[in-house]
$ cat run22.csv   # CSV, C-alpha atoms and all ligand atoms
chain,number,residue,atom,x,y,z
W,1,MET,CA,145.6,89.8,119.9
W,2,GLU,CA,149.0,91.0,121.0
W,3,ASN,CA,149.1,94.3,122.9
W,4,LYS,CA,151.6,95.7,120.4
W,5,THR,CA,149.1,95.0,117.5
W,6,ILE,CA,146.3,96.7,119.5
W,7,ASP,CA,148.5,99.7,120.2
W,8,ARG,CA,149.5,100.0,116.6
W,9,LEU,CA,145.8,99.9,115.5
W,10,LYS,CA,144.9,102.5,118.0
W,11,LYS,CA,147.7,104.8,116.8
W,12,CYS,CA,146.8,104.3,113.1
W,13,PHE,CA,143.1,104.9,113.6
W,14,LYS,CA,143.7,107.9,115.8
W,15,ALA,CA,145.8,109.5,113.0
W,16,ARG,CA,142.7,109.2,110.9
W,17,ASN,CA,140.3,110.7,113.5
W,18,ILE,CA,138.8,107.3,114.3
W,19,ASP,CA,138.7,105.7,117.8
W,20,PHE,CA,139.7,102.1,118.1
W,21,HIS,CA,138.9,99.9,121.0
W,22,TYR,CA,139.7,96.2,121.5
W,23,PHE,CA,137.4,94.0,123.7
W,24,GLU,CA,138.4,90.6,125.1
W,25,ASN,CA,134.8,89.7,125.8
W,26,LYS,CA,131.4,90.6,124.4
W,27,THR,CA,129.9,91.7,127.8
W,28,GLU,CA,132.3,94.6,127.9
W,29,LEU,CA,131.6,95.6,124.3
W,30,VAL,CA,127.8,95.4,124.8
W,31,LEU,CA,128.2,97.7,127.9
W,32,SER,CA,129.9,100.3,125.7
W,33,ILE,CA,127.1,100.0,123.2
W,34,VAL,CA,124.5,100.5,126.0
W,35,GLU,CA,126.3,103.7,127.1
W,36,ALA,CA,126.2,105.1,123.6
W,37,ALA,CA,122.6,104.0,123.1
W,38,LYS,CA,121.5,105.8,126.3
W,39,LYS,CA,122.7,109.2,124.8
W,40,ALA,CA,121.0,108.6,121.4
W,41,ASP,CA,117.4,109.7,120.5
W,42,SER,CA,117.5,107.6,117.4
W,43,ILE,CA,119.6,104.6,116.3
W,44,GLY,CA,120.1,103.0,112.8
W,45,ILE,CA,121.2,99.4,112.5
W,46,GLY,CA,123.3,98.4,109.5
W,47,ASN,CA,122.6,94.8,108.5
W,48,SER,CA,125.3,92.5,109.9
W,49,GLN,CA,125.6,88.9,111.0
W,50,THR,CA,127.9,90.2,113.8
W,51,LEU,CA,125.3,92.5,115.2
W,52,LYS,CA,122.6,89.8,114.9
W,53,LYS,CA,124.9,87.4,116.8
W,54,LEU,CA,125.5,89.9,119.6
W,55,LYS,CA,121.7,90.9,119.7
W,56,ILE,CA,122.6,94.6,119.3
W,57,PHE,CA,119.1,95.6,118.1
W,58,GLU,CA,117.4,93.9,121.1
W,59,THR,CA,119.9,95.5,123.5
W,60,VAL,CA,119.7,99.1,122.2
W,61,SER,CA,115.9,98.9,121.9
W,62,GLU,CA,115.8,98.8,125.7
W,63,TYR,CA,117.4,102.2,125.9
W,64,CYS,CA,116.2,104.0,122.8
W,65,GLN,CA,112.6,104.4,121.4
W,66,HIS,CA,113.6,105.0,117.8
W,67,VAL,CA,115.7,102.1,116.4
W,68,TYR,CA,115.6,101.5,112.6
W,69,ASP,CA,116.6,98.1,111.4
W,70,LYS,CA,115.7,97.3,107.8
W,71,THR,CA,115.9,93.6,108.4
W,72,LEU,CA,112.7,93.8,110.5
W,73,ALA,CA,110.7,95.4,107.7
W,74,GLY,CA,107.5,93.6,106.7
W,75,SER,CA,107.6,94.8,103.0
W,76,LYS,CA,110.0,96.3,100.4
W,77,GLU,CA,108.4,99.7,101.0
W,78,GLU,CA,109.0,99.5,104.7
W,79,GLU,CA,112.6,98.4,104.1
W,80,VAL,CA,113.3,101.4,102.0
W,81,LYS,CA,111.7,103.7,104.6
W,82,LEU,CA,113.8,102.2,107.4
W,83,LYS,CA,117.0,102.5,105.4
W,84,ARG,CA,116.2,106.2,104.8
W,85,GLN,CA,115.3,106.8,108.4
W,86,ALA,CA,118.6,105.2,109.5
W,87,LEU,CA,120.6,107.8,107.5
W,88,LEU,CA,119.7,110.7,109.8
W,89,THR,CA,120.0,109.0,113.2
W,90,ASP,CA,122.1,110.1,116.2
W,91,LEU,CA,123.9,106.8,116.2
W,92,TYR,CA,124.5,104.2,113.5
W,93,ILE,CA,125.8,100.8,114.5
W,94,THR,CA,127.1,98.4,111.9
W,95,SER,CA,129.9,96.1,111.0
W,96,SER,CA,132.5,96.1,108.2
W,97,ASN,CA,134.0,93.6,105.8
W,98,ALA,CA,137.6,94.4,106.6
W,99,ILE,CA,139.9,96.8,108.4
W,100,THR,CA,143.5,97.2,107.6
W,101,ALA,CA,146.6,97.3,109.8
W,102,ASP,CA,147.1,101.0,108.9
W,103,GLY,CA,143.6,102.0,109.9
W,104,LYS,CA,141.3,101.9,106.8
W,105,ILE,CA,137.8,100.5,106.8
W,106,ILE,CA,136.6,98.5,103.8
W,107,ASN,CA,133.1,97.6,102.8
W,108,VAL,CA,131.2,96.1,99.9
W,109,ASP,CA,127.5,96.9,99.7
W,110,HIS,CA,124.5,95.8,97.7
W,111,SER,CA,122.1,98.8,97.8
W,112,GLY,CA,124.5,101.3,99.4
W,113,ASN,CA,122.6,102.2,102.5
W,114,ARG,CA,125.2,100.9,104.8
W,115,VAL,CA,128.2,102.6,103.1
W,116,ALA,CA,126.1,105.8,102.8
W,117,ALA,CA,125.3,105.9,106.5
W,118,MET,CA,128.9,105.2,107.5
W,119,THR,CA,130.1,108.0,105.2
W,120,PHE,CA,127.7,110.8,106.1
W,121,GLY,CA,124.4,111.4,107.9
W,122,PRO,CA,124.4,109.8,111.4
W,123,ARG,CA,126.1,112.0,114.0
W,124,GLN,CA,128.0,109.0,115.4
W,125,VAL,CA,129.0,105.6,113.9
W,126,ILE,CA,130.1,102.5,115.7
W,127,ILE,CA,131.6,99.6,113.8
W,128,ILE,CA,131.7,96.3,115.6
W,129,ILE,CA,134.1,93.9,114.0
W,130,GLY,CA,135.6,90.5,114.9
W,131,GLU,CA,139.4,90.2,114.8
W,132,ASN,CA,139.0,87.8,111.9
W,133,LYS,CA,138.5,90.8,109.6
W,134,LEU,CA,141.8,92.4,110.3
W,135,THR,CA,143.9,92.5,107.0
W,136,GLU,CA,147.4,93.6,106.3
W,137,ASN,CA,146.7,96.3,103.7
W,138,GLU,CA,144.1,97.9,101.4
W,139,GLN,CA,144.6,95.3,98.7
W,140,GLU,CA,144.1,92.4,101.1
W,141,GLY,CA,141.1,94.2,102.6
W,142,ILE,CA,139.4,94.6,99.2
W,143,LEU,CA,140.2,91.0,98.3
W,144,ARG,CA,138.7,89.8,101.6
W,145,SER,CA,135.6,91.9,101.0
W,146,LEU,CA,135.1,90.6,97.4
W,147,LYS,CA,136.3,87.0,97.7
W,148,VAL,CA,135.2,86.1,101.2
W,149,ALA,CA,132.4,88.4,102.3
W,150,THR,CA,130.6,88.9,99.0
W,151,PRO,CA,129.8,85.3,98.1
W,152,LEU,CA,128.7,84.6,101.7
W,153,ASN,CA,126.5,87.6,101.7
W,154,ALA,CA,125.0,86.8,98.3
W,155,ARG,CA,124.1,83.2,99.5
W,156,ARG,CA,122.6,84.6,102.7
W,157,ALA,CA,120.4,87.0,100.6
W,158,LYS,CA,119.5,84.1,98.3
W,159,TYR,CA,121.3,85.5,95.2
W,160,SER,CA,123.5,83.3,93.1
W,161,PRO,CA,126.1,85.3,91.2
W,162,PRO,CA,129.1,83.4,89.8
W,163,CYS,CA,131.3,84.0,92.9
W,164,THR,CA,128.9,81.8,95.0
W,165,GLN,CA,129.8,78.9,92.7
W,166,ASN,CA,133.6,79.4,92.6
W,167,ARG,CA,133.4,80.9,89.1
W,168,PRO,CA,135.2,84.2,88.0
W,169,CYS,CA,133.1,87.3,88.5
W,170,ALA,CA,133.7,89.0,85.2
W,171,GLU,CA,130.4,88.2,83.7
W,172,CYS,CA,128.2,88.8,86.8
W,173,LEU,CA,124.7,89.8,85.7
W,174,GLN,CA,123.4,93.0,87.3
W,175,ASN,CA,120.3,91.3,88.7
W,176,GLN,CA,122.6,89.0,90.7
W,177,ARG,CA,125.3,91.5,91.6
W,178,VAL,CA,125.6,92.2,95.3
W,179,CYS,CA,128.8,94.2,95.2
W,180,ASN,CA,127.6,97.4,93.7
W,181,TYR,CA,129.5,99.6,96.1
W,182,LEU,CA,133.0,99.3,97.3
W,183,SER,CA,133.9,101.8,100.0
W,184,ILE,CA,137.3,102.6,101.6
W,185,ILE,CA,137.1,104.9,104.6
W,186,ARG,CA,140.5,106.5,105.0
W,187,GLY,CA,139.6,108.9,107.7
W,188,GLN,CA,137.0,111.2,109.4
W,189,VAL,CA,136.7,115.0,109.2
W,190,HIS,CA,135.2,115.1,112.7
W,191,PRO,CA,137.0,113.4,115.5
W,192,GLN,CA,134.7,111.4,117.8
W,193,ARG,CA,132.2,110.6,115.0
W,194,MET,CA,133.5,107.1,114.3
W,195,SER,CA,134.6,104.3,116.5
W,196,VAL,CA,135.8,100.8,115.6
W,197,MET,CA,135.1,98.2,118.3
W,198,MET,CA,137.0,95.0,117.7
W,199,LEU,CA,136.0,91.9,119.5
W,200,LYS,CA,138.3,89.0,120.2
W,201,GLY,CA,137.3,86.0,118.1
W,202,ASN,CA,135.5,85.4,114.8
W,203,TYR,CA,132.3,87.2,114.1
W,204,GLY,CA,130.4,87.5,110.8
W,205,TYR,CA,132.0,87.7,107.4
B,1,LIG,S1,130.5,91.0,90.4
B,1,LIG,FE1,129.1,89.3,90.9
B,1,LIG,S2,130.4,87.4,90.9
B,1,LIG,FE2,131.7,89.2,91.0
B,1,LIG,S3,132.1,89.5,93.3
B,1,LIG,FE3,130.3,90.8,92.6
B,1,LIG,S4,128.5,89.6,93.0
B,1,LIG,FE4,130.3,88.2,93.0
$ encode --input "run22.csv" --output "structure tokens" --more "lines below"
Ligand code: SF4
Amino acid sequence: MENKTIDRLKKCFKARNIDFHYFENKTELVLSIVEAAKKADSIGIGNSQTLKKLKIFETVSEYCQHVYDKTLAGSKEEEVKLKRQALLTDLYITSSNAITADGKIINVDHSGNRVAAMTFGPRQVIIIIGENKLTENEQEGILRSLKVATPLNARRAKYSPPCTQNRPCAECLQNQRVCNYLSIIRGQVHPQRMSVMMLKGNYGY
């Protein structure tokens, strides 16, 4: 990514009380995550293919005793418990479906735990995102979230709404809908709460 694009993103996010960092390689990014994990008594993990690929749960678990990741639940009850525990952590680490060139963060969510934690609860939030998720504006970010991320997420979770079969989504049945929540983060009240860490290359969807 060109330096002028990075500088522009930093400026746009800063104006919204959000930190933005760009990493050329994943080792540097993981070292930043380790530093944050060392200061946290509890960490929540928001389900993400990007985090899985970077082995974020495994890494932070070496430095923090209380790490809540719902994807490791053995039952539906435990999954709900882990989602609820993650809401009041010191640090919540997740990814996002899109960011915009003017510094907004866009997410589509199935049960809402991820967008809830990003919005309020955890003291600090880190969003790890590949540069493939940078979009020009809010409309493009929403389109990316609904047209690219949603069908792929649905397939991964073994749902089969119309968008997974290249059909229009107007008649999606509720028991197949994985896009119940659409969130646009336009800023933070508290500076230093939220950081976006963008990694060079393509990660997740
Ligand atoms: S409403 Fe259904 S078909 Fe449309 S994007 Fe959402 S999950 Fe896909």
$ atom_distance --input "run22.csv" --atom1 "atom CA of W:Ile56" --atom2 "atom CA of W:Leu82"
16.6 Å
$ residues_near_point --input "run22.csv" --point "(129.0, 102.3, 116.3)" --cutoff "12 Å" --atoms "only C-alpha atoms" --output "tab-separated table (two decimals) with C-alpha atoms, keeping the file's coordinate frame"
chain	number	residue	atom	x	y	z
W	18	ILE	CA	138.80	107.30	114.30
W	19	ASP	CA	138.70	105.70	117.80
W	20	PHE	CA	139.70	102.10	118.10
W	21	HIS	CA	138.90	99.90	121.00
W	29	LEU	CA	131.60	95.60	124.30
W	30	VAL	CA	127.80	95.40	124.80
W	32	SER	CA	129.90	100.30	125.70
W	33	ILE	CA	127.10	100.00	123.20
W	34	VAL	CA	124.50	100.50	126.00
W	35	GLU	CA	126.30	103.70	127.10
W	36	ALA	CA	126.20	105.10	123.60
W	37	ALA	CA	122.60	104.00	123.10
W	40	ALA	CA	121.00	108.60	121.40
W	43	ILE	CA	119.60	104.60	116.30
W	44	GLY	CA	120.10	103.00	112.80
W	45	ILE	CA	121.20	99.40	112.50
W	46	GLY	CA	123.30	98.40	109.50
W	51	LEU	CA	125.30	92.50	115.20
W	56	ILE	CA	122.60	94.60	119.30
W	60	VAL	CA	119.70	99.10	122.20
W	89	THR	CA	120.00	109.00	113.20
W	90	ASP	CA	122.10	110.10	116.20
W	91	LEU	CA	123.90	106.80	116.20
W	92	TYR	CA	124.50	104.20	113.50
W	93	ILE	CA	125.80	100.80	114.50
W	94	THR	CA	127.10	98.40	111.90
W	95	SER	CA	129.90	96.10	111.00
W	96	SER	CA	132.50	96.10	108.20
W	117	ALA	CA	125.30	105.90	106.50
W	118	MET	CA	128.90	105.20	107.50
W	122	PRO	CA	124.40	109.80	111.40
W	123	ARG	CA	126.10	112.00	114.00
W	124	GLN	CA	128.00	109.00	115.40
W	125	VAL	CA	129.00	105.60	113.90
W	126	ILE	CA	130.10	102.50	115.70
W	127	ILE	CA	131.60	99.60	113.80
W	128	ILE	CA	131.70	96.30	115.60
W	129	ILE	CA	134.10	93.90	114.00
W	192	GLN	CA	134.70	111.40	117.80
W	193	ARG	CA	132.20	110.60	115.00
W	194	MET	CA	133.50	107.10	114.30
W	195	SER	CA	134.60	104.30	116.50
W	196	VAL	CA	135.80	100.80	115.60
W	197	MET	CA	135.10	98.20	118.30
W	198	MET	CA	137.00	95.00	117.70
$ residues_near_ligand --input "run22.csv" --ligand "ligand LIG 1 (chain B)" --cutoff "9 Å" --atoms "all atoms listed in the file" --output "compact mmCIF listing (two decimals) with C-alpha atoms, in the frame of the given file"
# COMPACT_ATOMS: atom_id res chain seq x y z
CA HIS W 110 124.50 95.80 97.70
CA SER W 145 135.60 91.90 101.00
CA LEU W 146 135.10 90.60 97.40
CA LYS W 147 136.30 87.00 97.70
CA THR W 150 130.60 88.90 99.00
CA PRO W 151 129.80 85.30 98.10
CA ALA W 154 125.00 86.80 98.30
CA TYR W 159 121.30 85.50 95.20
CA SER W 160 123.50 83.30 93.10
CA PRO W 161 126.10 85.30 91.20
CA PRO W 162 129.10 83.40 89.80
CA CYS W 163 131.30 84.00 92.90
CA THR W 164 128.90 81.80 95.00
CA GLN W 165 129.80 78.90 92.70
CA ASN W 166 133.60 79.40 92.60
CA ARG W 167 133.40 80.90 89.10
CA PRO W 168 135.20 84.20 88.00
CA CYS W 169 133.10 87.30 88.50
CA ALA W 170 133.70 89.00 85.20
CA GLU W 171 130.40 88.20 83.70
CA CYS W 172 128.20 88.80 86.80
CA LEU W 173 124.70 89.80 85.70
CA GLN W 174 123.40 93.00 87.30
CA GLN W 176 122.60 89.00 90.70
CA ARG W 177 125.30 91.50 91.60
CA VAL W 178 125.60 92.20 95.30
CA CYS W 179 128.80 94.20 95.20
CA ASN W 180 127.60 97.40 93.70
$ atom_distance --input "run22.csv" --atom1 "atom CA of W:Gln188" --atom2 "atom CA of W:Ile106"
13.9 Å
$ atom_distance --input "run22.csv" --atom1 "atom CA of W:Glu24" --atom2 "atom CA of W:Val108"
26.8 Å
$ residues_around --input "run22.csv" --residues "W:Leu143" --least-positions-apart "3" --cutoff "12 Å" --atoms "only C-alpha atoms" --output "ChimeraX atom specification"
/W:97-100,106-108,133,135-140,146-151,182
$ residues_around --input "run22.csv" --residues "W:Tyr181" --least-positions-apart "5" --cutoff "10 Å" --atoms "all atoms listed in the file" --output "PyMOL selection string"
chain W and resi 107-116
$ closest_residue --input "run22.csv" --among "W:Pro191, W:Arg186, W:Lys200, W:Leu54" --to "W:Leu134" --atoms "all atoms listed in the file"
W:Lys200
$ closest_atom_pairs --input "run22.csv" --of "stretch 24-142 of chain W" --to "stretch 5-15 of chain W" --cutoff "9 Å" --atoms "all atoms listed in the file" --output "JSON lines"
{"residue": "W:Thr100", "atom": "CA", "partner": "W:Leu9", "partner_atom": "CA", "distance": 8.7}
{"residue": "W:Ala101", "atom": "CA", "partner": "W:Leu9", "partner_atom": "CA", "distance": 6.3}
{"residue": "W:Asp102", "atom": "CA", "partner": "W:Cys12", "partner_atom": "CA", "distance": 5.3}
{"residue": "W:Gly103", "atom": "CA", "partner": "W:Phe13", "partner_atom": "CA", "distance": 4.7}
{"residue": "W:Lys104", "atom": "CA", "partner": "W:Phe13", "partner_atom": "CA", "distance": 7.6}
$ write_last_selection --input "run22.csv" --atoms "C-alpha atoms" --output "short mmCIF file (atom, residue, chain, number, x, y, z; two decimals), keeping the file's coordinate frame"
data_model
loop_
_atom_site.label_atom_id
_atom_site.label_comp_id
_atom_site.auth_asym_id
_atom_site.auth_seq_id
_atom_site.Cartn_x
_atom_site.Cartn_y
_atom_site.Cartn_z
CA THR W 100 143.50 97.20 107.60
CA ALA W 101 146.60 97.30 109.80
CA ASP W 102 147.10 101.00 108.90
CA GLY W 103 143.60 102.00 109.90
CA LYS W 104 141.30 101.90 106.80
#
$ residues_near_point --input "run22.csv" --point "(115.3, 100.4, 104.3)" --cutoff "9 Å" --atoms "all atoms listed in the file" --output "mmCIF file with C-alpha atoms, keeping the file's coordinate frame"
data_model
loop_
_atom_site.group_PDB
_atom_site.id
_atom_site.type_symbol
_atom_site.label_atom_id
_atom_site.label_comp_id
_atom_site.auth_asym_id
_atom_site.auth_seq_id
_atom_site.Cartn_x
_atom_site.Cartn_y
_atom_site.Cartn_z
ATOM 1 C CA TYR W 68 115.600 101.500 112.600
ATOM 2 C CA ASP W 69 116.600 98.100 111.400
ATOM 3 C CA LYS W 70 115.700 97.300 107.800
ATOM 4 C CA THR W 71 115.900 93.600 108.400
ATOM 5 C CA ALA W 73 110.700 95.400 107.700
ATOM 6 C CA LYS W 76 110.000 96.300 100.400
ATOM 7 C CA GLU W 77 108.400 99.700 101.000
ATOM 8 C CA GLU W 78 109.000 99.500 104.700
ATOM 9 C CA GLU W 79 112.600 98.400 104.100
ATOM 10 C CA VAL W 80 113.300 101.400 102.000
ATOM 11 C CA LYS W 81 111.700 103.700 104.600
ATOM 12 C CA LEU W 82 113.800 102.200 107.400
ATOM 13 C CA LYS W 83 117.000 102.500 105.400
ATOM 14 C CA ARG W 84 116.200 106.200 104.800
ATOM 15 C CA GLN W 85 115.300 106.800 108.400
ATOM 16 C CA ALA W 86 118.600 105.200 109.500
ATOM 17 C CA ASN W 113 122.600 102.200 102.500
#
$ decode --input "run22.csv" --residues "stretch 12-38 of chain W" --atoms "N, CA and C atoms" --output "compact mmCIF listing (two decimals), in the first residue's frame"
# COMPACT_ATOMS: atom_id res chain seq x y z
N CYS W 12 -7.72 9.98 8.74
CA CYS W 12 -9.19 9.83 8.78
C CYS W 12 -9.64 9.09 10.04
N PHE W 13 -8.90 8.03 10.40
CA PHE W 13 -9.27 7.30 11.63
C PHE W 13 -9.02 8.16 12.87
N LYS W 14 -7.91 8.87 12.87
CA LYS W 14 -7.59 9.72 14.05
C LYS W 14 -8.71 10.74 14.29
N ALA W 15 -9.24 11.28 13.21
CA ALA W 15 -10.32 12.26 13.34
C ALA W 15 -11.56 11.63 13.99
N ARG W 16 -11.62 10.30 13.98
CA ARG W 16 -12.76 9.59 14.58
C ARG W 16 -12.38 8.95 15.92
N ASN W 17 -11.22 9.33 16.48
CA ASN W 17 -10.71 8.77 17.75
C ASN W 17 -10.35 7.29 17.63
N ILE W 18 -9.93 6.89 16.46
CA ILE W 18 -9.53 5.48 16.25
C ILE W 18 -8.08 5.49 15.75
N ASP W 19 -7.26 4.59 16.35
CA ASP W 19 -5.87 4.47 15.88
C ASP W 19 -5.83 3.57 14.65
N PHE W 20 -4.93 3.90 13.75
CA PHE W 20 -4.74 3.04 12.56
C PHE W 20 -3.26 2.73 12.42
N HIS W 21 -2.96 1.45 12.24
CA HIS W 21 -1.56 1.02 12.04
C HIS W 21 -1.52 0.10 10.82
N TYR W 22 -0.47 0.25 10.07
CA TYR W 22 -0.29 -0.62 8.89
C TYR W 22 0.96 -1.48 9.10
N PHE W 23 0.84 -2.77 8.85
CA PHE W 23 1.96 -3.69 9.04
C PHE W 23 2.32 -4.36 7.72
N GLU W 24 3.61 -4.32 7.42
CA GLU W 24 4.10 -4.97 6.20
C GLU W 24 4.15 -6.49 6.38
N ASN W 25 4.42 -6.92 7.61
CA ASN W 25 4.50 -8.38 7.82
C ASN W 25 3.80 -8.79 9.11
N LYS W 26 3.41 -10.06 9.14
CA LYS W 26 2.56 -10.50 10.26
C LYS W 26 3.32 -10.62 11.57
N THR W 27 4.65 -10.82 11.52
CA THR W 27 5.41 -10.94 12.76
C THR W 27 5.30 -9.64 13.57
N GLU W 28 5.43 -8.51 12.88
CA GLU W 28 5.33 -7.22 13.57
C GLU W 28 3.94 -7.02 14.17
N LEU W 29 2.94 -7.42 13.40
CA LEU W 29 1.57 -7.27 13.90
C LEU W 29 1.36 -8.13 15.14
N VAL W 30 1.81 -9.39 15.07
CA VAL W 30 1.61 -10.30 16.20
C VAL W 30 2.34 -9.78 17.44
N LEU W 31 3.51 -9.16 17.25
CA LEU W 31 4.24 -8.59 18.40
C LEU W 31 3.43 -7.47 19.07
N SER W 32 2.74 -6.68 18.27
CA SER W 32 1.87 -5.64 18.84
C SER W 32 0.71 -6.25 19.63
N ILE W 33 0.17 -7.34 19.09
CA ILE W 33 -0.92 -8.03 19.80
C ILE W 33 -0.41 -8.59 21.13
N VAL W 34 0.80 -9.15 21.11
CA VAL W 34 1.39 -9.71 22.34
C VAL W 34 1.52 -8.61 23.39
N GLU W 35 1.99 -7.43 22.99
CA GLU W 35 2.14 -6.32 23.94
C GLU W 35 0.80 -5.95 24.57
N ALA W 36 -0.25 -5.93 23.76
CA ALA W 36 -1.58 -5.62 24.29
C ALA W 36 -2.08 -6.75 25.19
N ALA W 37 -1.81 -7.98 24.81
CA ALA W 37 -2.28 -9.14 25.60
C ALA W 37 -1.62 -9.17 26.97
N LYS W 38 -0.35 -8.76 27.05
CA LYS W 38 0.37 -8.77 28.33
C LYS W 38 -0.29 -7.86 29.36
